file model.pdb (PDB, C-alpha atoms)
ATOM      1  CA  GLY E  30     -60.005  28.565 -19.286
ATOM      2  CA  ALA E  31     -57.177  30.881 -20.225
ATOM      3  CA  VAL E  32     -56.025  30.906 -23.832
ATOM      4  CA  VAL E  33     -52.492  31.055 -25.119
ATOM      5  CA  SER E  34     -51.813  31.464 -28.805
ATOM      6  CA  GLN E  35     -48.694  30.851 -30.823
ATOM      7  CA  HIS E  36     -47.796  32.210 -34.204
ATOM      8  CA  PRO E  37     -46.958  30.771 -36.606
ATOM      9  CA  SER E  38     -48.303  27.268 -36.120
ATOM     10  CA  TRP E  39     -45.750  25.954 -38.577
ATOM     11  CA  VAL E  40     -42.843  27.383 -40.480
ATOM     12  CA  ILE E  41     -40.367  26.099 -43.029
ATOM     13  CA  CYS E  42     -37.196  28.070 -43.515
ATOM     14  CA  LYS E  43     -33.814  27.813 -45.170
ATOM     15  CA  SER E  44     -30.701  27.060 -43.198
ATOM     16  CA  GLY E  45     -29.039  30.224 -41.947
ATOM     17  CA  THR E  46     -32.181  32.313 -41.636
ATOM     18  CA  SER E  47     -33.788  33.476 -38.404
ATOM     19  CA  VAL E  48     -37.293  32.617 -37.312
ATOM     20  CA  LYS E  49     -39.415  34.409 -34.740
ATOM     21  CA  ILE E  50     -42.160  32.629 -32.830
ATOM     22  CA  GLU E  51     -44.715  34.612 -30.848
ATOM     23  CA  CYS E  52     -46.514  33.464 -27.732
ATOM     24  CA  ARG E  53     -49.476  35.479 -26.494
ATOM     25  CA  SER E  54     -51.723  35.141 -23.479
ATOM     26  CA  LEU E  55     -55.059  36.288 -24.863
ATOM     27  CA  ASP E  56     -57.232  36.848 -21.826
ATOM     28  CA  PHE E  57     -54.866  37.095 -18.904
ATOM     29  CA  GLN E  58     -51.580  38.648 -17.949
ATOM     30  CA  ALA E  59     -48.651  36.317 -17.649
ATOM     31  CA  THR E  60     -45.596  37.488 -15.772
ATOM     32  CA  THR E  61     -43.897  34.180 -16.495
ATOM     33  CA  MET E  62     -43.800  32.239 -19.719
ATOM     34  CA  PHE E  63     -41.898  29.095 -20.514
ATOM     35  CA  TRP E  64     -40.429  27.895 -23.797
ATOM     36  CA  TYR E  65     -40.133  24.194 -24.494
ATOM     37  CA  ARG E  66     -38.965  22.140 -27.419
ATOM     38  CA  GLN E  67     -40.141  18.658 -28.172
ATOM     39  CA  PHE E  68     -38.497  16.223 -30.563
ATOM     40  CA  PRO E  69     -40.655  13.509 -32.123
ATOM     41  CA  LYS E  70     -41.867  10.953 -29.608
ATOM     42  CA  GLN E  71     -39.972  12.635 -26.805
ATOM     43  CA  SER E  72     -40.902  14.707 -23.814
ATOM     44  CA  LEU E  73     -41.004  18.461 -23.492
ATOM     45  CA  MET E  74     -37.638  19.917 -22.653
ATOM     46  CA  LEU E  75     -37.626  23.277 -20.928
ATOM     47  CA  MET E  76     -35.436  25.706 -22.811
ATOM     48  CA  ALA E  77     -35.914  28.884 -20.838
ATOM     49  CA  THR E  78     -38.089  30.765 -18.410
ATOM     50  CA  SER E  79     -39.165  34.179 -19.553
ATOM     51  CA  ASN E  80     -40.127  36.831 -17.009
ATOM     52  CA  GLU E  81     -41.685  40.089 -18.118
ATOM     53  CA  GLY E  82     -39.240  42.962 -18.044
ATOM     54  CA  SER E  83     -36.175  40.912 -17.243
ATOM     55  CA  LYS E  84     -33.730  38.639 -18.974
ATOM     56  CA  ALA E  85     -34.760  35.082 -19.621
ATOM     57  CA  THR E  86     -33.288  32.273 -17.575
ATOM     58  CA  TYR E  87     -31.905  29.574 -19.824
ATOM     59  CA  GLU E  88     -31.560  25.922 -18.983
ATOM     60  CA  GLN E  89     -28.182  24.285 -19.084
ATOM     61  CA  GLY E  90     -27.093  23.468 -22.588
ATOM     62  CA  VAL E  91     -29.397  25.987 -24.286
ATOM     63  CA  GLU E  92     -27.511  28.658 -26.197
ATOM     64  CA  LYS E  93     -28.935  32.024 -25.254
ATOM     65  CA  ASP E  94     -27.351  33.707 -28.278
ATOM     66  CA  LYS E  95     -29.031  31.250 -30.582
ATOM     67  CA  PHE E  96     -32.448  31.223 -28.944
ATOM     68  CA  LEU E  97     -33.270  34.841 -28.200
ATOM     69  CA  ILE E  98     -36.198  35.380 -25.870
ATOM     70  CA  ASN E  99     -37.934  38.671 -25.348
ATOM     71  CA  HIS E 100     -40.799  39.184 -22.899
ATOM     72  CA  ALA E 101     -41.614  42.804 -23.506
ATOM     73  CA  SER E 102     -45.146  42.831 -22.152
ATOM     74  CA  LEU E 103     -47.396  40.877 -19.836
ATOM     75  CA  THR E 104     -49.102  39.208 -22.778
ATOM     76  CA  LEU E 105     -46.321  38.575 -25.273
ATOM     77  CA  SER E 106     -43.107  36.598 -25.325
ATOM     78  CA  THR E 107     -41.094  35.887 -28.454
ATOM     79  CA  LEU E 108     -38.533  33.228 -29.265
ATOM     80  CA  THR E 109     -36.174  33.914 -32.126
ATOM     81  CA  VAL E 110     -34.151  31.039 -33.504
ATOM     82  CA  THR E 111     -31.143  32.755 -35.041
ATOM     83  CA  SER E 112     -29.199  31.262 -37.927
ATOM     84  CA  ALA E 113     -31.367  28.177 -37.896
ATOM     85  CA  HIS E 114     -29.941  24.819 -38.905
ATOM     86  CA  PRO E 115     -31.655  21.511 -39.681
ATOM     87  CA  GLU E 116     -30.930  20.239 -36.167
ATOM     88  CA  ASP E 117     -33.103  23.082 -34.835
ATOM     89  CA  SER E 118     -36.110  21.502 -36.509
ATOM     90  CA  SER E 119     -38.493  20.693 -33.693
ATOM     91  CA  PHE E 120     -41.848  21.403 -32.120
ATOM     92  CA  TYR E 121     -41.640  24.530 -29.982
ATOM     93  CA  ILE E 122     -44.270  25.046 -27.308
ATOM     94  CA  CYS E 123     -44.758  28.001 -25.034
ATOM     95  CA  SER E 124     -46.752  28.147 -21.855
ATOM     96  CA  ALA E 125     -47.897  30.936 -19.616
ATOM     97  CA  LEU E 126     -48.221  30.727 -15.873
ATOM     98  CA  GLY E 127     -51.649  31.570 -14.588
ATOM     99  CA  LEU E 128     -52.447  33.469 -11.453
ATOM    100  CA  ALA E 129     -54.672  30.802  -9.948
ATOM    101  CA  GLU E 130     -53.688  29.171  -6.701
ATOM    102  CA  ASP E 131     -52.608  26.024  -8.455
ATOM    103  CA  ASN E 132     -50.348  27.985 -10.787
ATOM    104  CA  GLU E 133     -51.587  26.040 -13.739
ATOM    105  CA  GLN E 134     -49.629  26.395 -16.943
ATOM    106  CA  PHE E 135     -51.616  27.228 -20.021
ATOM    107  CA  PHE E 136     -49.988  25.911 -23.147
ATOM    108  CA  GLY E 137     -49.951  27.317 -26.616
ATOM    109  CA  PRO E 138     -50.753  25.006 -29.526
ATOM    110  CA  GLY E 139     -47.101  24.771 -30.535
ATOM    111  CA  THR E 140     -45.048  25.768 -33.561
ATOM    112  CA  ARG E 141     -43.529  23.181 -35.817
ATOM    113  CA  LEU E 142     -40.248  24.439 -37.246
ATOM    114  CA  THR E 143     -38.615  22.722 -40.189
ATOM    115  CA  VAL E 144     -35.233  23.978 -41.317
ATOM    116  CA  LEU E 145     -34.181  22.843 -44.763
TER     117      LEU E 145
ATOM    118  CA  ALA N  18     -31.085  12.143 -11.187
ATOM    119  CA  GLN N  19     -34.386  12.298 -12.992
ATOM    120  CA  LYS N  20     -36.816  14.739 -11.443
ATOM    121  CA  ILE N  21     -39.842  13.017 -12.901
ATOM    122  CA  THR N  22     -39.877   9.334 -13.793
ATOM    123  CA  GLN N  23     -42.509   7.635 -15.872
ATOM    124  CA  THR N  24     -41.549   3.985 -16.174
ATOM    125  CA  GLN N  25     -44.225   2.940 -18.653
ATOM    126  CA  PRO N  26     -43.366   3.952 -22.232
ATOM    127  CA  GLY N  27     -46.629   2.443 -23.448
ATOM    128  CA  MET N  28     -49.828   1.063 -22.028
ATOM    129  CA  PHE N  29     -52.864  -0.700 -23.448
ATOM    130  CA  VAL N  30     -56.262  -0.679 -21.813
ATOM    131  CA  GLN N  31     -59.607  -2.098 -22.822
ATOM    132  CA  GLU N  32     -62.365   0.414 -23.415
ATOM    133  CA  LYS N  33     -64.451   1.054 -20.274
ATOM    134  CA  GLU N  34     -61.715  -0.333 -18.024
ATOM    135  CA  ALA N  35     -59.643   1.722 -15.581
ATOM    136  CA  VAL N  36     -55.941   2.309 -16.059
ATOM    137  CA  THR N  37     -53.164   3.650 -13.840
ATOM    138  CA  LEU N  38     -50.235   5.597 -15.233
ATOM    139  CA  ASP N  39     -47.238   5.711 -12.943
ATOM    140  CA  CYS N  40     -45.233   8.761 -11.972
ATOM    141  CA  THR N  41     -42.559   9.223  -9.332
ATOM    142  CA  TYR N  42     -40.769  12.458  -8.557
ATOM    143  CA  ASP N  43     -37.735  13.762  -6.778
ATOM    144  CA  THR N  44     -37.474  17.135  -5.090
ATOM    145  CA  SER N  45     -36.122  18.685  -1.924
ATOM    146  CA  ASP N  46     -38.535  21.626  -2.055
ATOM    147  CA  PRO N  47     -41.180  21.445   0.686
ATOM    148  CA  SER N  48     -43.682  23.124  -1.625
ATOM    149  CA  TYR N  49     -44.292  21.769  -5.094
ATOM    150  CA  GLY N  50     -47.073  20.936  -7.481
ATOM    151  CA  LEU N  51     -47.721  17.912  -9.610
ATOM    152  CA  PHE N  52     -49.555  17.978 -12.930
ATOM    153  CA  TRP N  53     -50.766  15.554 -15.529
ATOM    154  CA  TYR N  54     -51.160  16.556 -19.151
ATOM    155  CA  LYS N  55     -52.570  14.767 -22.158
ATOM    156  CA  GLN N  56     -51.018  15.293 -25.573
ATOM    157  CA  PRO N  57     -53.005  13.900 -28.493
ATOM    158  CA  SER N  58     -51.436  13.454 -31.912
ATOM    159  CA  SER N  59     -52.309  17.040 -32.801
ATOM    160  CA  GLY N  60     -49.669  18.204 -30.345
ATOM    161  CA  GLU N  61     -51.486  20.486 -27.967
ATOM    162  CA  MET N  62     -50.969  19.976 -24.251
ATOM    163  CA  ILE N  63     -54.202  19.485 -22.362
ATOM    164  CA  PHE N  64     -54.210  20.007 -18.597
ATOM    165  CA  LEU N  65     -55.893  17.158 -16.751
ATOM    166  CA  ILE N  66     -55.306  17.412 -13.031
ATOM    167  CA  TYR N  67     -53.220  19.127 -10.353
ATOM    168  CA  GLN N  68     -52.044  18.069  -6.881
ATOM    169  CA  GLY N  69     -50.353  20.433  -4.474
ATOM    170  CA  SER N  70     -47.768  19.080  -2.074
ATOM    171  CA  TYR N  71     -49.782  20.277   0.917
ATOM    172  CA  ASP N  72     -53.107  19.010  -0.305
ATOM    173  CA  GLN N  73     -54.497  16.490   2.142
ATOM    174  CA  GLN N  74     -56.839  14.794  -0.270
ATOM    175  CA  ASN N  75     -56.158  13.214  -3.623
ATOM    176  CA  ALA N  76     -57.196  15.395  -6.539
ATOM    177  CA  THR N  77     -60.078  14.290  -8.732
ATOM    178  CA  GLU N  78     -61.414  15.748 -11.987
ATOM    179  CA  GLY N  79     -64.194  13.776 -13.557
ATOM    180  CA  ARG N  80     -62.784  10.448 -14.737
ATOM    181  CA  TYR N  81     -59.279  11.453 -13.669
ATOM    182  CA  SER N  82     -57.928  10.996 -10.188
ATOM    183  CA  LEU N  83     -54.454  11.359  -8.814
ATOM    184  CA  ASN N  84     -53.178   8.788  -6.341
ATOM    185  CA  PHE N  85     -50.807  10.972  -4.336
ATOM    186  CA  GLN N  86     -48.476   9.128  -1.991
ATOM    187  CA  LYS N  87     -46.183  11.780  -0.596
ATOM    188  CA  ALA N  88     -43.906   9.522   1.425
ATOM    189  CA  ARG N  89     -43.267   7.379  -1.626
ATOM    190  CA  LYS N  90     -43.027  10.441  -3.865
ATOM    191  CA  SER N  91     -45.483   9.051  -6.318
ATOM    192  CA  ALA N  92     -48.344  10.712  -8.153
ATOM    193  CA  ASN N  93     -50.055   8.124 -10.302
ATOM    194  CA  LEU N  94     -52.878   9.084 -12.637
ATOM    195  CA  VAL N  95     -55.951   6.882 -12.639
ATOM    196  CA  ILE N  96     -58.318   7.084 -15.589
ATOM    197  CA  SER N  97     -61.617   5.363 -14.962
ATOM    198  CA  ALA N  98     -63.948   4.042 -17.650
ATOM    199  CA  SER N  99     -61.452   4.506 -20.481
ATOM    200  CA  GLN N 100     -62.721   5.878 -23.761
ATOM    201  CA  LEU N 101     -61.267   5.599 -27.237
ATOM    202  CA  GLY N 102     -60.576   9.319 -27.153
ATOM    203  CA  ASP N 103     -58.243   8.807 -24.219
ATOM    204  CA  SER N 104     -55.617   7.357 -26.555
ATOM    205  CA  ALA N 105     -52.744   9.847 -26.366
ATOM    206  CA  MET N 106     -49.419  10.598 -24.723
ATOM    207  CA  TYR N 107     -49.654  11.408 -21.040
ATOM    208  CA  PHE N 108     -47.051  13.481 -19.264
ATOM    209  CA  CYS N 109     -46.480  13.885 -15.561
ATOM    210  CA  ALA N 110     -44.902  17.189 -14.547
ATOM    211  CA  MET N 111     -43.664  18.859 -11.401
ATOM    212  CA  ARG N 112     -43.485  22.539 -10.548
ATOM    213  CA  GLU N 113     -40.967  23.569  -7.935
ATOM    214  CA  GLY N 114     -39.272  26.727  -6.837
ATOM    215  CA  LEU N 115     -40.329  29.968  -5.284
ATOM    216  CA  GLU N 116     -42.826  32.424  -6.722
ATOM    217  CA  GLY N 117     -41.075  34.521  -9.316
ATOM    218  CA  TYR N 118     -38.744  31.714 -10.248
ATOM    219  CA  GLN N 119     -40.598  28.533 -10.840
ATOM    220  CA  LYS N 120     -39.612  25.636 -13.004
ATOM    221  CA  VAL N 121     -41.667  22.828 -14.425
ATOM    222  CA  THR N 122     -40.081  19.525 -15.359
ATOM    223  CA  PHE N 123     -41.790  16.894 -17.478
ATOM    224  CA  GLY N 124     -41.468  13.149 -17.434
ATOM    225  CA  THR N 125     -40.767  11.139 -20.570
ATOM    226  CA  GLY N 126     -44.404  10.308 -21.053
ATOM    227  CA  THR N 127     -46.578   7.235 -21.399
ATOM    228  CA  LYS N 128     -48.367   6.403 -24.616
ATOM    229  CA  LEU N 129     -51.809   5.091 -23.789
ATOM    230  CA  GLN N 130     -53.808   3.152 -26.334
ATOM    231  CA  VAL N 131     -57.411   2.289 -25.632
ATOM    232  CA  ILE N 132     -58.595  -0.864 -27.335
ATOM    233  CA  PRO N 133     -62.222  -1.196 -28.425
TER     234      PRO N 133
END

call {"tool": "encode", "arguments": {"input": "model.pdb", "output": "structure tokens"}}
result
Amino acid sequence: GAVVSQHPSWVICKSGTSVKIECRSLDFQATTMFWYRQFPKQSLMLMATSNEGSKATYEQGVEKDKFLINHASLTLSTLTVTSAHPEDSSFYICSALGLAEDNEQFFGPGTRLTVL
Amino acid sequence: AQKITQTQPGMFVQEKEAVTLDCTYDTSDPSYGLFWYKQPSSGEMIFLIYQGSYDQQNATEGRYSLNFQKARKSANLVISASQLGDSAMYFCAMREGLEGYQKVTFGTGTKLQVIP
């Protein structure tokens, strides 16, 4: 199956710093990628939909100036958490939409962010 | 209103027995897709099975089958012959929207524990 990677897999940062998370589709081109966050023992919450070459579409309640998404190529989308605070600590997961008929999402392994 | 409802926060099943995980959905789109994912403690999302809204037959993938009842808007996952490795969180998800702008919504999940 298709492979999606995320980097880094975990990161610890100080409050006020910015953190960039990369999501790559390794063996296929993904025109659409999704960014989710997941708090402990909770479901995945869609943050934004990232389309290559256009601005991301953010879900209600997600601050677009705080969570910057860039989808510059068909294989790479980045999420930058700007001026991170402890409440931003979470598990961030990206997924890429495949081209198969069932439009299966291929998920990355996730990035665990801890803001001190 | 919740788009995806999973009413079972936790389930226990005896090893080798079958178990059904419930999922109901709400959409006005005529075309949509339903997914089930498994999330073990390591965090990665593992695709299990897909059902398209126009599919006439229930989807099956090995020990997984999806009991799709369109009129009732339910898409229950049936796991046959449970194994200890099936212990994990299970999420039901729905994709809706037109090509180019699609959105996937996840349910709150069911924690399945398989008992030896």

call {"tool": "atom_distance", "arguments": {"input": "model.pdb", "atom1": "CA of Leu51 (chain N)", "atom2": "CA of Ile50 (chain E)"}}
result
28.0 Å

call {"tool": "closest_residue", "arguments": {"input": "model.pdb", "among": "N:Ser70, N:Ser58, N:Lys128, N:Tyr107", "to": "Ala88 (chain N)", "atoms": "only C-alpha atoms"}}
result
N:Ser70

call {"tool": "resolve_selection", "arguments": {"input": "model.pdb", "expression": "the PyMOL selection byres ((chain N and resi 34-42) around 8)", "output": "PyMOL selection string"}}
result
chain N and resi 19-25+30-33+43-44+89-99+109+111+124+127

call {"tool": "write_last_selection", "arguments": {"input": "model.pdb", "atoms": "C-alpha atoms", "output": "mmCIF file, in the frame of the given file"}}
result
data_model
loop_
_atom_site.group_PDB
_atom_site.id
_atom_site.type_symbol
_atom_site.label_atom_id
_atom_site.label_comp_id
_atom_site.auth_asym_id
_atom_site.auth_seq_id
_atom_site.Cartn_x
_atom_site.Cartn_y
_atom_site.Cartn_z
ATOM 1 C CA GLN N 19 -34.386 12.298 -12.992
ATOM 2 C CA LYS N 20 -36.816 14.739 -11.443
ATOM 3 C CA ILE N 21 -39.842 13.017 -12.901
ATOM 4 C CA THR N 22 -39.877 9.334 -13.793
ATOM 5 C CA GLN N 23 -42.509 7.635 -15.872
ATOM 6 C CA THR N 24 -41.549 3.985 -16.174
ATOM 7 C CA GLN N 25 -44.225 2.940 -18.653
ATOM 8 C CA VAL N 30 -56.262 -0.679 -21.813
ATOM 9 C CA GLN N 31 -59.607 -2.098 -22.822
ATOM 10 C CA GLU N 32 -62.365 0.414 -23.415
ATOM 11 C CA LYS N 33 -64.451 1.054 -20.274
ATOM 12 C CA ASP N 43 -37.735 13.762 -6.778
ATOM 13 C CA THR N 44 -37.474 17.135 -5.090
ATOM 14 C CA ARG N 89 -43.267 7.379 -1.626
ATOM 15 C CA LYS N 90 -43.027 10.441 -3.865
ATOM 16 C CA SER N 91 -45.483 9.051 -6.318
ATOM 17 C CA ALA N 92 -48.344 10.712 -8.153
ATOM 18 C CA ASN N 93 -50.055 8.124 -10.302
ATOM 19 C CA LEU N 94 -52.878 9.084 -12.637
ATOM 20 C CA VAL N 95 -55.951 6.882 -12.639
ATOM 21 C CA ILE N 96 -58.318 7.084 -15.589
ATOM 22 C CA SER N 97 -61.617 5.363 -14.962
ATOM 23 C CA ALA N 98 -63.948 4.042 -17.650
ATOM 24 C CA SER N 99 -61.452 4.506 -20.481
ATOM 25 C CA CYS N 109 -46.480 13.885 -15.561
ATOM 26 C CA MET N 111 -43.664 18.859 -11.401
ATOM 27 C CA GLY N 124 -41.468 13.149 -17.434
ATOM 28 C CA THR N 127 -46.578 7.235 -21.399
#

call {"tool": "closest_atom_pairs", "arguments": {"input": "model.pdb", "of": "region 18-82 of chain N", "to": "region 119-125 of chain E", "cutoff": "9 Å", "atoms": "all atoms listed in the file", "output": "CSV"}}
result
residue,atom,partner,partner_atom,distance
N:Gly60,CA,E:Phe120,CA,8.6
N:Glu61,CA,E:Ile122,CA,8.6
N:Met62,CA,E:Ile122,CA,8.9

call {"tool": "closest_residue", "arguments": {"input": "model.pdb", "among": "E:Val110, E:Leu103, E:Glu81, E:Gln134", "to": "Trp53 (chain N)", "atoms": "all atoms listed in the file"}}
result
E:Gln134

call {"tool": "interface_residues", "arguments": {"input": "model.pdb", "of": "chain N", "to": "chain E", "cutoff": "8 Å", "atoms": "all atoms listed in the file", "output": "ChimeraX atom specification"}}
result
/N:50,60-64,67,69,108,117,120-126

call {"tool": "closest_residue", "arguments": {"input": "model.pdb", "among": "E:Lys43, E:Lys95, E:Arg53, E:Arg66", "to": "Thr111 (chain E)", "atoms": "only C-alpha atoms"}}
result
E:Lys95

call {"tool": "residues_around", "arguments": {"input": "model.pdb", "residues": "Leu101 (chain N)", "least_positions_apart": "4", "cutoff": "8 Å", "atoms": "only C-alpha atoms", "output": "ChimeraX atom specification"}}
result
/N:32,130-133

call {"tool": "residues_around", "arguments": {"input": "model.pdb", "residues": "Tyr71 (chain N)", "least_positions_apart": "5", "cutoff": "12 Å", "atoms": "only C-alpha atoms", "output": "list in words"}}
result
Asp131 of chain E; Asp46, Pro47, Ser48, Tyr49, Gly50, Leu51, Ala76, Phe85, Gln86 and Lys87 of chain N

call {"tool": "atom_distance", "arguments": {"input": "model.pdb", "atom1": "CA of Ala59 (chain E)", "atom2": "CA of Thr104 (chain E)"}}
result
5.9 Å

call {"tool": "resolve_selection", "arguments": {"input": "model.pdb", "expression": "the PyMOL selection byres ((chain E and resi 35) around 6)", "output": "ChimeraX atom specification"}}
result
/E:34,36,51-52,137

call {"tool": "closest_residue", "arguments": {"input": "model.pdb", "among": "N:Gln119, N:Gly114, N:Pro26, N:Asp103", "to": "Lys55 (chain N)", "atoms": "all atoms listed in the file"}}
result
N:Asp103

call {"tool": "atom_distance", "arguments": {"input": "model.pdb", "atom1": "CA of Phe96 (chain E)", "atom2": "CA of Tyr54 (chain N)"}}
result
25.7 Å
